[in-house]
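Containing compact mmCIF, C-alpha atoms and all ligand atoms: final14.txt.
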```txt
# COMPACT_ATOMS: atom_id res chain seq x y z
CA MET A 1 0.00 0.00 0.00
CA GLU A 2 1.26 3.47 -0.84
CA TYR A 3 2.55 5.20 2.25
CA GLN A 4 0.64 8.40 2.79
CA THR A 5 1.27 10.38 5.95
CA ILE A 6 2.07 9.81 9.59
CA PHE A 7 0.18 9.79 12.88
CA GLU A 8 0.58 13.13 14.65
CA PRO A 9 2.43 12.68 17.97
CA PHE A 10 0.20 15.31 19.68
CA ARG A 11 -3.41 16.31 20.29
CA ILE A 12 -4.54 19.82 19.46
CA HIS A 13 -5.03 21.60 22.78
CA SER A 14 -6.30 25.01 21.82
CA VAL A 15 -7.68 26.42 18.58
CA GLU A 16 -7.20 29.81 17.01
CA PRO A 17 -10.10 30.95 14.79
CA LEU A 18 -9.31 31.52 11.13
CA ARG A 19 -11.23 34.06 9.02
CA LEU A 20 -12.64 32.32 5.95
CA THR A 21 -12.32 34.38 2.78
CA THR A 22 -13.60 33.89 -0.77
CA GLU A 23 -11.38 33.48 -3.79
CA ASP A 24 -12.51 36.93 -5.04
CA GLU A 25 -11.51 38.53 -1.73
CA ARG A 26 -8.10 36.86 -1.88
CA ARG A 27 -7.52 37.97 -5.47
CA GLU A 28 -8.41 41.53 -4.50
CA ALA A 29 -6.09 41.41 -1.48
CA LEU A 30 -3.25 40.26 -3.74
CA VAL A 31 -3.82 43.12 -6.18
CA THR A 32 -3.96 45.64 -3.31
CA ALA A 33 -0.66 44.20 -2.01
CA HIS A 34 0.88 44.56 -5.52
CA PHE A 35 1.44 40.77 -5.38
CA ASN A 36 3.98 41.29 -2.63
CA LEU A 37 3.32 38.63 0.04
CA PHE A 38 4.99 40.83 2.67
CA SER A 39 2.36 43.53 2.10
CA LEU A 40 -0.66 41.28 2.75
CA ARG A 41 -2.62 41.57 5.99
CA SER A 42 -2.43 38.20 7.75
CA ARG A 43 -6.22 38.25 8.31
CA ASP A 44 -6.66 37.98 4.53
CA VAL A 45 -4.51 34.83 4.36
CA MET A 46 -6.01 31.40 4.99
CA ILE A 47 -2.95 29.21 4.40
CA ASP A 48 0.14 31.21 5.34
CA LEU A 49 3.24 29.93 3.56
CA LEU A 50 5.30 33.10 3.96
CA THR A 51 7.88 31.79 6.40
CA ASP A 52 8.73 29.25 9.08
CA SER A 53 10.12 31.98 11.34
CA GLY A 54 8.46 32.21 14.75
CA THR A 55 5.09 31.16 13.35
CA GLY A 56 4.70 27.77 15.03
CA ALA A 57 2.30 26.83 17.81
CA MET A 58 3.91 26.43 21.22
CA SER A 59 3.34 23.29 23.25
CA ARG A 60 1.31 22.92 26.45
CA ASP A 61 4.52 22.75 28.48
CA GLN A 62 5.90 25.88 26.82
CA TRP A 63 2.76 27.83 27.73
CA ALA A 64 2.95 26.47 31.25
CA ALA A 65 6.60 27.53 31.51
CA ILE A 66 5.62 31.08 30.54
CA GLN A 67 3.85 31.36 33.91
CA HIS A 68 7.18 30.71 35.61
CA GLY A 69 8.89 33.62 33.87
CA ASP A 70 10.90 35.68 36.34
CA GLU A 71 11.28 39.22 35.04
CA SER A 72 14.11 40.33 37.34
CA TYR A 73 16.56 42.59 35.55
CA ALA A 74 19.60 40.57 36.64
CA GLY A 75 20.15 36.97 37.70
CA SER A 76 16.69 35.61 36.85
CA PRO A 77 16.20 31.84 37.30
CA SER A 78 14.56 31.86 33.86
CA TRP A 79 17.95 32.85 32.44
CA GLU A 80 19.65 29.93 34.21
CA LEU A 81 17.12 27.46 32.80
CA PHE A 82 17.59 28.88 29.31
CA ARG A 83 21.40 28.88 29.50
CA ASP A 84 21.44 25.30 30.82
CA ALA A 85 19.08 24.12 28.06
CA VAL A 86 21.30 25.73 25.40
CA GLN A 87 24.49 24.29 26.92
CA GLU A 88 23.01 20.81 27.21
CA LEU A 89 22.93 20.69 23.39
CA PHE A 90 25.65 23.24 22.58
CA PRO A 91 28.23 23.12 25.39
CA PHE A 92 29.91 26.44 24.54
CA ALA A 93 31.44 28.32 27.47
CA HIS A 94 29.50 31.55 26.82
CA VAL A 95 25.82 31.92 25.92
CA ILE A 96 24.61 35.42 25.09
CA PRO A 97 20.84 35.81 24.67
CA THR A 98 19.47 38.09 21.92
CA HIS A 99 15.99 38.97 20.70
CA GLN A 100 16.52 37.28 17.29
CA GLY A 101 19.22 35.57 15.27
CA ARG A 102 20.10 38.72 13.36
CA ALA A 103 20.88 40.53 16.62
CA ALA A 104 23.47 37.84 17.39
CA GLU A 105 24.85 38.28 13.85
CA LYS A 106 24.99 42.06 14.24
CA ILE A 107 27.05 41.76 17.42
CA LEU A 108 29.38 39.08 16.04
CA PHE A 109 30.15 40.76 12.73
CA SER A 110 30.49 44.26 14.26
CA LEU A 111 33.27 42.75 16.39
CA ILE A 112 35.09 40.52 13.90
CA GLY A 113 33.99 41.76 10.43
CA GLY A 114 34.77 45.09 8.81
CA PRO A 115 36.47 46.30 5.62
CA GLY A 116 39.17 43.99 4.26
CA THR A 117 37.69 40.85 5.82
CA PHE A 118 36.11 37.88 4.00
CA ILE A 119 33.53 35.49 5.46
CA PRO A 120 32.72 32.16 3.76
CA ASN A 121 29.62 30.03 4.41
CA ASN A 122 27.81 27.20 2.62
CA THR A 123 25.12 29.79 1.86
CA HIS A 124 24.70 32.98 3.88
CA PHE A 125 21.16 33.54 5.10
CA ASP A 126 19.91 36.97 3.96
CA THR A 127 20.25 38.64 7.38
CA THR A 128 23.72 37.08 7.82
CA ARG A 129 24.90 38.42 4.48
CA ALA A 130 23.35 41.82 5.25
CA ASN A 131 25.07 42.08 8.64
CA ILE A 132 28.43 41.00 7.18
CA GLU A 133 28.19 43.44 4.28
CA PHE A 134 26.99 46.25 6.55
CA SER A 135 30.21 45.80 8.56
CA GLY A 136 32.19 46.30 5.32
CA ALA A 137 33.21 42.64 4.99
CA VAL A 138 32.67 40.38 1.97
CA ALA A 139 30.25 37.42 2.32
CA THR A 140 30.83 34.42 0.03
CA ASP A 141 28.76 31.26 -0.59
CA LEU A 142 30.80 28.08 -1.15
CA VAL A 143 28.17 25.34 -1.17
CA ILE A 144 28.97 22.16 -3.16
CA ASP A 145 27.90 22.23 -6.83
CA GLU A 146 25.12 19.68 -6.17
CA GLY A 147 23.57 22.24 -3.80
CA ARG A 148 22.86 24.51 -6.77
CA ASP A 149 21.33 21.77 -8.89
CA PRO A 150 17.60 21.43 -8.10
CA GLN A 151 17.45 17.96 -9.67
CA SER A 152 20.41 16.52 -7.77
CA ARG A 153 19.53 13.79 -5.23
CA HIS A 154 22.70 14.23 -3.19
CA PRO A 155 21.74 13.46 0.44
CA PHE A 156 23.63 16.46 1.88
CA LYS A 157 23.20 19.29 -0.58
CA GLY A 158 24.01 21.83 2.14
CA ASN A 159 27.67 20.71 2.39
CA LEU A 160 30.32 23.41 2.19
CA ASP A 161 32.85 22.52 -0.52
CA PRO A 162 36.19 21.84 1.25
CA ALA A 163 38.26 22.39 -1.93
CA LYS A 164 36.54 25.74 -2.63
CA LEU A 165 37.13 26.74 1.00
CA VAL A 166 40.86 25.99 0.84
CA SER A 167 41.31 28.01 -2.38
CA TYR A 168 39.28 30.85 -0.85
CA ILE A 169 41.55 30.93 2.20
CA GLU A 170 44.68 30.75 0.03
CA GLU A 171 43.35 33.55 -2.18
CA HIS A 172 42.34 35.99 0.57
CA GLY A 173 44.81 35.05 3.30
CA ARG A 174 43.88 33.40 6.59
CA GLU A 175 44.52 36.63 8.52
CA ASN A 176 41.68 38.30 6.57
CA ILE A 177 39.16 35.57 7.35
CA PRO A 178 37.91 36.08 10.93
CA VAL A 179 35.47 33.15 10.87
CA ILE A 180 34.15 30.30 8.72
CA MET A 181 30.36 30.08 9.00
CA LEU A 182 28.38 26.88 8.38
CA THR A 183 24.58 27.07 8.17
CA VAL A 184 22.71 23.95 9.36
CA THR A 185 20.45 23.26 7.63
CA ASN A 186 21.42 25.41 4.67
CA ASN A 187 18.28 27.55 4.79
CA SER A 188 18.90 29.79 1.76
CA GLY A 189 19.88 26.74 -0.27
CA GLY A 190 16.51 24.98 0.15
CA GLY A 191 16.99 23.99 3.80
CA GLN A 192 19.39 21.23 2.76
CA PRO A 193 21.36 19.38 5.46
CA VAL A 194 25.12 19.24 6.08
CA SER A 195 26.72 15.87 6.87
CA LEU A 196 28.90 15.15 9.89
CA GLN A 197 31.62 14.03 7.50
CA ASN A 198 31.52 17.47 5.84
CA MET A 199 31.58 19.23 9.24
CA ARG A 200 34.64 17.20 10.22
CA ALA A 201 36.37 18.13 6.95
CA ILE A 202 35.58 21.83 7.46
CA ARG A 203 36.74 21.56 11.07
CA GLU A 204 40.05 20.12 9.93
CA ILE A 205 40.53 23.10 7.57
CA SER A 206 39.54 25.58 10.30
CA LEU A 207 42.15 24.06 12.65
CA ARG A 208 44.83 23.84 9.95
CA TYR A 209 44.48 27.56 9.16
CA ASP A 210 43.60 28.56 12.73
CA ILE A 211 40.31 30.21 11.74
CA PRO A 212 37.32 29.82 14.10
CA LEU A 213 34.31 27.86 12.84
CA PHE A 214 30.83 29.12 13.81
CA LEU A 215 27.54 27.35 13.14
CA ASP A 216 24.44 29.25 12.09
CA ALA A 217 22.43 26.52 13.73
CA CYS A 218 18.80 27.60 13.18
CA ARG A 219 17.64 24.16 12.01
CA PHE A 220 20.06 22.07 14.08
CA ALA A 221 17.46 19.44 15.02
CA GLU A 222 16.36 18.85 11.43
CA ASN A 223 19.99 18.69 10.36
CA ALA A 224 20.75 16.09 13.04
CA TRP A 225 17.66 14.13 12.04
CA PHE A 226 18.88 13.98 8.43
CA ILE A 227 22.29 12.81 9.66
CA ARG A 228 20.54 10.04 11.59
CA GLU A 229 18.46 9.08 8.55
CA ARG A 230 21.04 9.43 5.80
CA GLU A 231 24.59 9.15 7.12
CA ALA A 232 25.84 5.62 7.76
CA GLY A 233 26.71 4.83 11.36
CA ASN A 234 24.24 7.33 12.87
CA GLU A 235 21.00 5.38 12.56
CA ASP A 236 20.89 4.35 16.22
CA ARG A 237 22.00 7.63 17.74
CA GLU A 238 19.94 10.10 19.74
CA VAL A 239 19.39 13.36 17.87
CA ALA A 240 20.58 15.27 20.96
CA ASP A 241 23.85 13.33 20.84
CA ILE A 242 24.35 14.17 17.15
CA VAL A 243 23.66 17.84 17.93
CA ARG A 244 26.35 17.76 20.64
CA GLU A 245 28.81 16.29 18.16
CA MET A 246 27.95 19.06 15.68
CA ALA A 247 28.63 21.62 18.42
CA SER A 248 31.90 19.92 19.40
CA LEU A 249 33.23 20.59 15.89
CA ALA A 250 32.69 24.37 16.18
CA ASP A 251 34.00 27.29 18.24
CA GLY A 252 30.68 29.08 18.51
CA MET A 253 27.29 29.71 16.98
CA THR A 254 24.63 32.22 16.04
CA MET A 255 21.04 31.18 16.51
CA SER A 256 17.48 32.18 15.77
CA ALA A 257 15.23 30.69 18.45
CA LYS A 258 12.28 31.34 16.11
CA LYS A 259 13.29 28.17 14.28
CA ASP A 260 14.09 24.80 15.87
CA PRO A 261 13.85 25.99 19.52
CA LEU A 262 10.11 26.38 18.80
CA GLY A 263 9.77 29.94 20.07
CA ASN A 264 7.90 32.89 18.65
CA ILE A 265 10.87 35.16 19.37
CA GLY A 266 14.47 34.82 20.55
CA GLY A 267 18.03 33.99 19.62
CA TRP A 268 21.54 33.72 20.97
CA LEU A 269 25.23 33.98 20.29
CA ALA A 270 27.53 31.40 21.87
CA MET A 271 31.28 30.84 21.83
CA ASN A 272 34.28 29.48 23.70
CA ASP A 273 36.55 32.51 23.24
CA ASP A 274 36.56 34.45 26.57
CA ALA A 275 37.91 37.72 25.17
CA LEU A 276 35.43 37.81 22.28
CA ALA A 277 32.58 36.95 24.67
CA ALA A 278 33.52 39.86 26.95
CA LYS A 279 33.34 42.27 23.99
CA ALA A 280 30.07 40.73 22.80
CA ARG A 281 28.49 41.17 26.25
CA THR A 282 29.53 44.82 26.31
CA MET A 283 27.92 45.34 22.93
CA LEU A 284 24.86 43.39 24.11
CA VAL A 285 24.28 45.88 26.92
CA LEU A 286 24.24 48.71 24.35
CA THR A 287 21.92 47.06 21.87
CA GLU A 288 19.90 44.26 23.48
CA GLY A 289 19.96 44.30 27.27
CA PHE A 290 21.70 42.90 30.31
CA PRO A 291 23.51 39.56 29.68
CA THR A 292 20.97 37.57 31.71
CA TYR A 293 18.05 38.44 29.44
CA GLY A 294 19.38 39.89 26.18
CA GLY A 295 16.44 41.20 24.22
CA LEU A 296 14.02 38.78 25.85
CA ALA A 297 11.50 38.64 28.68
CA GLY A 298 12.04 36.02 31.39
CA ARG A 299 8.92 34.24 30.13
CA ASP A 300 10.41 33.94 26.63
CA LEU A 301 13.55 32.36 28.10
CA GLU A 302 11.38 29.81 29.94
CA ALA A 303 9.41 28.87 26.80
CA LEU A 304 12.63 28.46 24.82
CA ALA A 305 14.22 26.22 27.46
CA VAL A 306 11.25 23.85 27.12
CA GLY A 307 11.22 24.18 23.31
CA LEU A 308 14.86 23.12 23.15
CA HIS A 309 14.05 19.89 24.99
CA GLU A 310 11.03 19.17 22.80
CA ALA A 311 12.77 19.99 19.51
CA VAL A 312 14.99 16.92 19.67
CA SER A 313 12.15 14.43 20.21
CA HIS A 314 12.35 11.69 17.60
CA ASP A 315 8.59 11.21 17.27
CA TYR A 316 8.18 14.90 16.66
CA LEU A 317 11.01 15.17 14.11
CA ARG A 318 9.90 12.06 12.25
CA TYR A 319 6.39 13.48 11.98
CA ARG A 320 7.60 16.93 10.93
CA ILE A 321 9.96 15.78 8.20
CA ARG A 322 7.55 13.14 6.92
CA SER A 323 4.63 15.59 6.68
CA THR A 324 6.78 18.08 4.76
CA ALA A 325 7.83 15.35 2.33
CA TYR A 326 4.17 14.33 2.01
CA LEU A 327 3.28 17.89 1.00
CA ALA A 328 6.09 17.99 -1.56
CA ASP A 329 5.04 14.60 -2.98
CA SER A 330 1.42 15.75 -3.30
CA LEU A 331 2.35 19.04 -4.98
CA HIS A 332 4.68 17.22 -7.35
CA ALA A 333 1.95 14.71 -8.21
CA SER A 334 -0.46 17.61 -8.92
CA GLY A 335 2.00 19.07 -11.42
CA ILE A 336 2.99 22.07 -9.28
CA PRO A 337 6.73 22.72 -9.72
CA VAL A 338 8.61 21.96 -6.51
CA VAL A 339 12.24 23.02 -6.56
CA GLN A 340 13.23 20.44 -4.02
CA PRO A 341 12.60 16.91 -5.35
CA PRO A 342 10.00 14.82 -3.48
CA GLY A 343 11.15 13.15 -0.30
CA GLY A 344 13.20 16.15 0.71
CA HIS A 345 12.72 18.71 3.39
CA ALA A 346 12.03 22.36 2.63
CA VAL A 347 9.53 22.86 -0.17
CA TYR A 348 9.89 25.80 -2.51
CA ILE A 349 6.93 26.27 -4.77
CA ASP A 350 7.03 28.66 -7.67
CA ALA A 351 4.20 31.09 -6.89
CA ARG A 352 3.70 31.75 -10.60
CA ALA A 353 2.52 28.20 -11.10
CA MET A 354 -0.39 28.78 -8.74
CA LEU A 355 -1.13 32.36 -9.80
CA PRO A 356 -0.31 32.47 -13.52
CA HIS A 357 -1.17 36.16 -13.84
CA ILE A 358 1.36 37.49 -11.34
CA PRO A 359 4.36 39.37 -12.72
CA PRO A 360 7.79 37.67 -12.98
CA LEU A 361 9.66 37.10 -9.73
CA GLN A 362 11.90 39.97 -8.75
CA TYR A 363 14.10 37.86 -6.49
CA PRO A 364 14.14 34.19 -5.51
CA GLY A 365 12.71 34.76 -2.02
CA GLN A 366 9.47 35.85 -3.65
CA SER A 367 8.58 32.26 -4.35
CA LEU A 368 6.46 30.70 -1.63
CA ALA A 369 8.64 28.94 0.89
CA ILE A 370 7.29 26.31 3.21
CA ALA A 371 9.61 24.89 5.81
CA LEU A 372 7.51 23.20 8.46
C1 LIG A 401 16.05 32.86 10.52
C2 LIG A 401 17.48 32.73 10.28
C3 LIG A 401 18.38 33.73 10.66
C4 LIG A 401 17.94 35.04 11.27
O1 LIG A 401 17.22 34.88 12.44
P1 LIG A 401 16.09 35.92 12.90
O2 LIG A 401 15.65 35.38 14.21
O3 LIG A 401 15.02 35.91 11.86
O4 LIG A 401 16.74 37.26 13.02
C5 LIG A 401 19.71 33.52 10.40
N1 LIG A 401 20.15 32.42 9.80
C6 LIG A 401 19.32 31.42 9.42
C7 LIG A 401 19.86 30.21 8.75
C8 LIG A 401 17.95 31.54 9.65
O5 LIG A 401 17.14 30.56 9.28
```
What would you get if you wrote out this structure as structure tokens?
Amino acid sequence: MEYQTIFEPFRIHSVEPLRLTTEDERREALVTAHFNLFSLRSRDVMIDLLTDSGTGAMSRDQWAAIQHGDESYAGSPSWELFRDAVQELFPFAHVIPTHQGRAAEKILFSLIGGPGTFIPNNTHFDTTRANIEFSGAVATDLVIDEGRDPQSRHPFKGNLDPAKLVSYIEEHGRENIPVIMLTVTNNSGGGQPVSLQNMRAIREISLRYDIPLFLDACRFAENAWFIREREAGNEDREVADIVREMASLADGMTMSAKKDPLGNIGGWLAMNDDALAAKARTMLVLTEGFPTYGGLAGRDLEALAVGLHEAVSHDYLRYRIRSTAYLADSLHASGIPVVQPPGGHAVYIDARAMLPHIPPLQYPGQSLAIAL
């Protein structure tokens, strides 16, 4: 029998009413928004495929944790819970909370970027590239060639090309490269995963040239799940254990907690370097807040600590990845172009296929992106 979808490992606990609209109303809303999805009012949208960022439903235990939020300016127990939950998966010496991932990027690249510096990545996320370029540095994407081929079935299309990285370092000089970034999963490249083998190869290069390696770890749990599913020798491992190995290969990370930590807001910057952390905390006080809350309320820190535990649940990840693949398979079968082949993870649908009258895409992000 053809395998269809998977049993949800949860019951729906609370419902949010949705305004039902007619096709005519939706067409009119699109015209008023000049076909720009970012200009729509959310109340006019019935199925919102704009982004995966901070839009998920929180769990019962996350809502319960919100009641425990301690809003003290300094030394809140909510901070300690959050820090411990981050360090359980990412045992970096310093954890610096921020209100979003881009705030962590802003602090990091203000400190280590600047004119004359070059920062490689598999693919820079748009806010990462913007923060690097705003500092005056050059941001470069060095994903493997298969990562740019929509038809390729390579299991780890997010891998950073080790040979391209070595020539990049030789070309620009190691002293001009303050950090190597690695985005897991490779969000701007279709949410494709990075293998452990590739991380080890990049780690070896980072050590050989003495350049720190930082993860942009927004989809760390999905990435670890794909390693478990697709990389030989990992099939019996706990996802949390794979995540810890990923962290052990890096010197630090930037993070959006609006992604795998299952929050509606939040982020952090983490690292082992004491001197860099001291500078980052000073900058944090100027831009985000005191180091025990960053840009967040105590209640947000509590919800994120619970989200981090729940994000690595196997039942949950299996369900999430399988239901995304199910959507891609169904779209593909209905003749709607899906950039990512069926069975994959993030689903990029060309909006023009569904709305033939809309003008040509101005930039790739204008296609509808679904990353559950
Ligand atoms: C979302 C995201 C960011 C930015 O995080 P925000 O919380 O939206 O500021 C950075 N990198 C990647 C890979 C992301 O997915």
Residues within 7 Å of ligand LIG 401 (chain A), counting only C-alpha atoms and all ligand atoms: report them as a list in words. Ser53, Gln100, Gly101, Arg102, Ala103, Phe125, Thr127, Thr128, Thr183, Val184, Asn186, Asn187, Asp216, Ala217, Cys218, Arg219, Met255, Ser256, Ala257, Lys258, Lys259, Gly266 and Gly267 of chain A
Could you check the closest approach to A:Asp141 for each of A:Thr51, A:Leu262, A:Ser188, A:Glu105 and tell me which residue wins, using all atoms listed in the file?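 Ranked by minimum distance to A:Asp141, first place goes to A:Ser188.
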Residue nearest A:Glu245 among A:Leu49, A:Thr123, A:Leu108, A:Glu88 (counting all atoms listed in the file): A:Glu88
State, in Å with one decimal place, the distance from atom CA of A:Leu111 to atom CA of A:Ser78.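 Answer for the atom CA of A:Leu111 to atom CA of A:Ser78 separation: 27.8 Å.
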Report, in Å to a single decimal, how far apart atom CA of A:Val194 and atom CA of A:Ile177 are.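 One can read the atom CA of A:Ile177 to atom CA of A:Val194 distance as 21.6 Å.
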